[in-house]
Amino acid sequence: MKKVIFSLGLFSTISAFAQQNNGSTDSTMKSNDLEEVMIQGNRLQTPFSEATRDIQVITQKQIQSLPAKSLNEVLSYISGVDIRQRGPFGTQADISIDGGTSEQTLVLINGVKMIDAQSAHNMMNLPVPLSAIDHIEIIRGAAARIYGINALTGAVNIVTKRGKRSSVTADLQAGSSFQSKDEGDGSGMYGGTSAEITGMFGRDQQSQLFSVAQSDYNGQRYNSAAKNTRLFYNGNYDFNEHNSIQAMAGYARNHFGANGFYAAPGDINSEEHTESSVFSLSSKHTFGNFTVSPRISDRYGEDDYRYYKDNLNKARSLHYTNALMLELNSSLKTQVGTFGFGVESRLEKINSSNIGEHHRDNHGMYAELKTELGPKIRATAGLYGNYNTDFGYQLYPGIDVAYVLNGYWKISTSIGSGQRIPSFTDLYLNQRPGNVGNALLQPESAWNYEGNVQYNKGNLQFKTGYFYRNITDFIDWVRDNPSQPYSPYNLGQNKMQGMYARLQQDFKVTDTQSFGYDVNYNYLNPSFATSTEKQSKYILESLKHQLVAGIHYSINDFSFQIKDRWLKREMGDAYTIADVRLNYKVQDFLLYTEVTNLFNADYQEAGAVPMPTRWFSLGLKYQWTQH
């Protein structure tokens, strides 16, 4: 706790100094970058500066400066986002927003849903390396109106690079804890390497991005080694100013020791092999004020869980899932505002050794209006209608309103609704004596109410807000006593109140010297209205307090960043994780070093998996861009 108090005191001192020197500073580079970002969504594109709800954006420039080796680690620094890793370095993680479960958060790549119909444990098995990302959008609150099903507590949309200039990025990294390996797990020290290369061929009419990444770590403890491979392609071709075509393809493979992931301590020799692929083909056509964009995409996954990695004839689970998605999005600009409307279908199926063979279809239709009510009020309202072959019809409305007080202050409020369809694991799993599904489950539904105030002047950005969320038919895995298997039930109402505040400031000291800071705090207060007293598996694992703070400094070609996370879960002890990154640039090369978990904290995020001790990394990055 003393570390946290020291950090806050340091940030306060820097803030006071920054205010005194505000006259000698210009607008921050981060602010300018964000002003140019277009929020993609699945429906209507919106400039970041005109957003009518709480949306956080992290740019490629910010990603590059973070002490992070994977997308999971990048997202762990985002206010309200809870990354619960079962293995380090991008091996496997669950993601949730504002105290929800991992099943209630939707992840997308360029607007294509990464929903895994088997289980959310594999949703973050993504093919996109960090160097291929342009920016990441984090939308908080129920967002069915924007993204359809399973955006119950929020959504994360990963937008990859495109542009008119060619570029090459190559990144090599090696790291170690400099600790000897556990007895029975080989010899030597724990360590690992990673490499990724991203190339983009850009011209006036086209953009072609290719990326490949490989990481190989021998683990931070017994049976925790991991090998990850990622391949990704994204292409865009403009026939003319009115017609274009886009294609995306990706493949990810993860092989890792699963000691303590799901069934500790008996799973000490467990292993898991996962593979996933995604393909998307879309086009965009403009006829005057009318734009139409059809898209077909497919998400395929394989999950091979081996409870005994040396005996594949016993306690092995094999899962094969596929989701074919068809979409037609359109918009029409009028004097009233911009109308968006469209339809989508999602055809899911699974073939599994302990879930069985099942399929279901989901069909959605939406209508939306983005308008301005005078010079100071912006509003977006819409309705999403859904039909699922297993669960019937549902309607999910939502509205966002923003009032611009002046050039610095903005007040926003939103009311949204959403649902989460139970996964095939929830419904049909037969994994006795540990877990068994419940075919009588109904979808979760939620209403989310939020209000926030934002101040943005020069190099200072501040936002604070409050939200209230009510989930009905909340699903949790429970049991009456330890002798019974866990099974999911619709337990009743899950109510969540939350408050957040974010402060950021960046400024120059001289033409060659700059520094800045950011402080982000999130507080959650859940309550549960249920008539059962069953033992819960997940319900009390959400964050209660989350404080993320950082300092960054640069002079000439040298820069460093310190990030500190203080986390407290509902039923766990608080812990502090501090990470540091140092950079030195020489022409097109960047030499960097990282120290993660600087103070060697002892903590767990998921299952019975202790996270890595202090870890040292050294890397070399080559970046070339056509002029």
# chains A, B, ... in the order shown; residues from 1 in each chain; ligands from 1
call {"tool": "residues_around", "arguments": {"residues": "region 256-258 of chain A", "least_positions_apart": "6", "cutoff": "9 Å", "atoms": "only C-alpha atoms", "output": "PyMOL selection string"}}
result
chain A and resi 86-87+91-92+219+222-228+267-274+305-307+309+609
call {"tool": "closest_residue", "arguments": {"among": "A:Gln335, A:Asp304, A:Tyr408, A:Leu108", "to": "Leu373 (chain A)", "atoms": "only C-alpha atoms"}}
result
A:Gln335
call {"tool": "atom_distance", "arguments": {"atom1": "CA of Leu71 (chain A)", "atom2": "CA of Trp447 (chain A)"}}
result
29.1 Å
call {"tool": "closest_residue", "arguments": {"among": "A:Gly434, A:Gly260, A:Gly141, A:Pro397", "to": "Tyr449 (chain A)", "atoms": "only C-alpha atoms"}}
result
A:Gly141
call {"tool": "residues_around", "arguments": {"residues": "Ser244 (chain A)", "least_positions_apart": "5", "cutoff": "6 Å", "atoms": "only C-alpha atoms", "output": "list in words"}}
result
Tyr237, Asp238, Phe239, Ser283 and Lys284 of chain A
call {"tool": "atom_distance", "arguments": {"atom1": "CA of Gly451 (chain A)", "atom2": "CA of Asp94 (chain A)"}}
result
27.2 Å
call {"tool": "closest_residue", "arguments": {"among": "A:Arg162, A:Thr512, A:Ile95, A:Tyr403", "to": "Gly374 (chain A)", "atoms": "only C-alpha atoms"}}
result
A:Tyr403
call {"tool": "closest_residue", "arguments": {"among": "A:Tyr553, A:Tyr486, A:Phe290, A:Phe178", "to": "Ser617 (chain A)", "atoms": "only C-alpha atoms"}}
result
A:Phe178
call {"tool": "atom_distance", "arguments": {"atom1": "CA of Ser79 (chain A)", "atom2": "CA of Gln604 (chain A)"}}
result
19.2 Å
call {"tool": "closest_residue", "arguments": {"among": "A:Leu598, A:His242, A:Asn438, A:Met325", "to": "Val478 (chain A)", "atoms": "only C-alpha atoms"}}
result
A:Asn438
call {"tool": "residues_around", "arguments": {"residues": "region 122-136 of chain A", "least_positions_apart": "2", "cutoff": "6 Å", "atoms": "only C-alpha atoms", "output": "ChimeraX atom specification"}}
result
/A:57-60,116,120,157-161,230-232,250-252
call {"tool": "write_last_selection", "arguments": {"atoms": "C-alpha atoms", "output": "PDB file, in the first residue's frame"}}
result
ATOM      1  CA  VAL A  57      -9.033   3.976 -27.478  1.00  0.00           C
ATOM      2  CA  ILE A  58      -5.424   2.824 -27.305  1.00  0.00           C
ATOM      3  CA  THR A  59      -3.311   3.612 -30.365  1.00  0.00           C
ATOM      4  CA  GLN A  60      -0.382   1.759 -31.932  1.00  0.00           C
ATOM      5  CA  ASP A 116     -16.260 -19.024 -29.250  1.00  0.00           C
ATOM      6  CA  ALA A 120     -14.973 -18.017 -23.560  1.00  0.00           C
ATOM      7  CA  ASN A 157     -12.744  -4.173 -31.139  1.00  0.00           C
ATOM      8  CA  ILE A 158      -9.203  -4.667 -32.495  1.00  0.00           C
ATOM      9  CA  VAL A 159      -8.637  -2.599 -35.646  1.00  0.00           C
ATOM     10  CA  THR A 160      -5.637  -3.532 -37.780  1.00  0.00           C
ATOM     11  CA  LYS A 161      -3.402  -1.270 -39.845  1.00  0.00           C
ATOM     12  CA  ARG A 230       0.149 -16.353 -35.259  1.00  0.00           C
ATOM     13  CA  LEU A 231      -0.421 -15.661 -38.951  1.00  0.00           C
ATOM     14  CA  PHE A 232      -2.495 -12.732 -40.165  1.00  0.00           C
ATOM     15  CA  GLY A 250      -5.827 -15.310 -39.620  1.00  0.00           C
ATOM     16  CA  TYR A 251      -4.571 -18.445 -37.886  1.00  0.00           C
ATOM     17  CA  ALA A 252      -3.459 -18.971 -34.278  1.00  0.00           C
TER      18      ALA A 252
END
call {"tool": "select_by_dssp", "arguments": {"residues": "region 398-518 of chain A", "states": "alpha helix (DSSP H)", "output": "PyMOL selection string"}}
result
chain A and resi 424-428
call {"tool": "closest_residue", "arguments": {"among": "A:Gln62, A:Thr52, A:Asn329, A:Gln431", "to": "Thr413 (chain A)", "atoms": "only C-alpha atoms"}}
result
A:Thr52
call {"tool": "residues_around", "arguments": {"residues": "Pro433 (chain A)", "least_positions_apart": "5", "cutoff": "10 Å", "atoms": "only C-alpha atoms", "output": "list in words"}}
result
Ser483, Gln484, Pro485 and Tyr486 of chain A
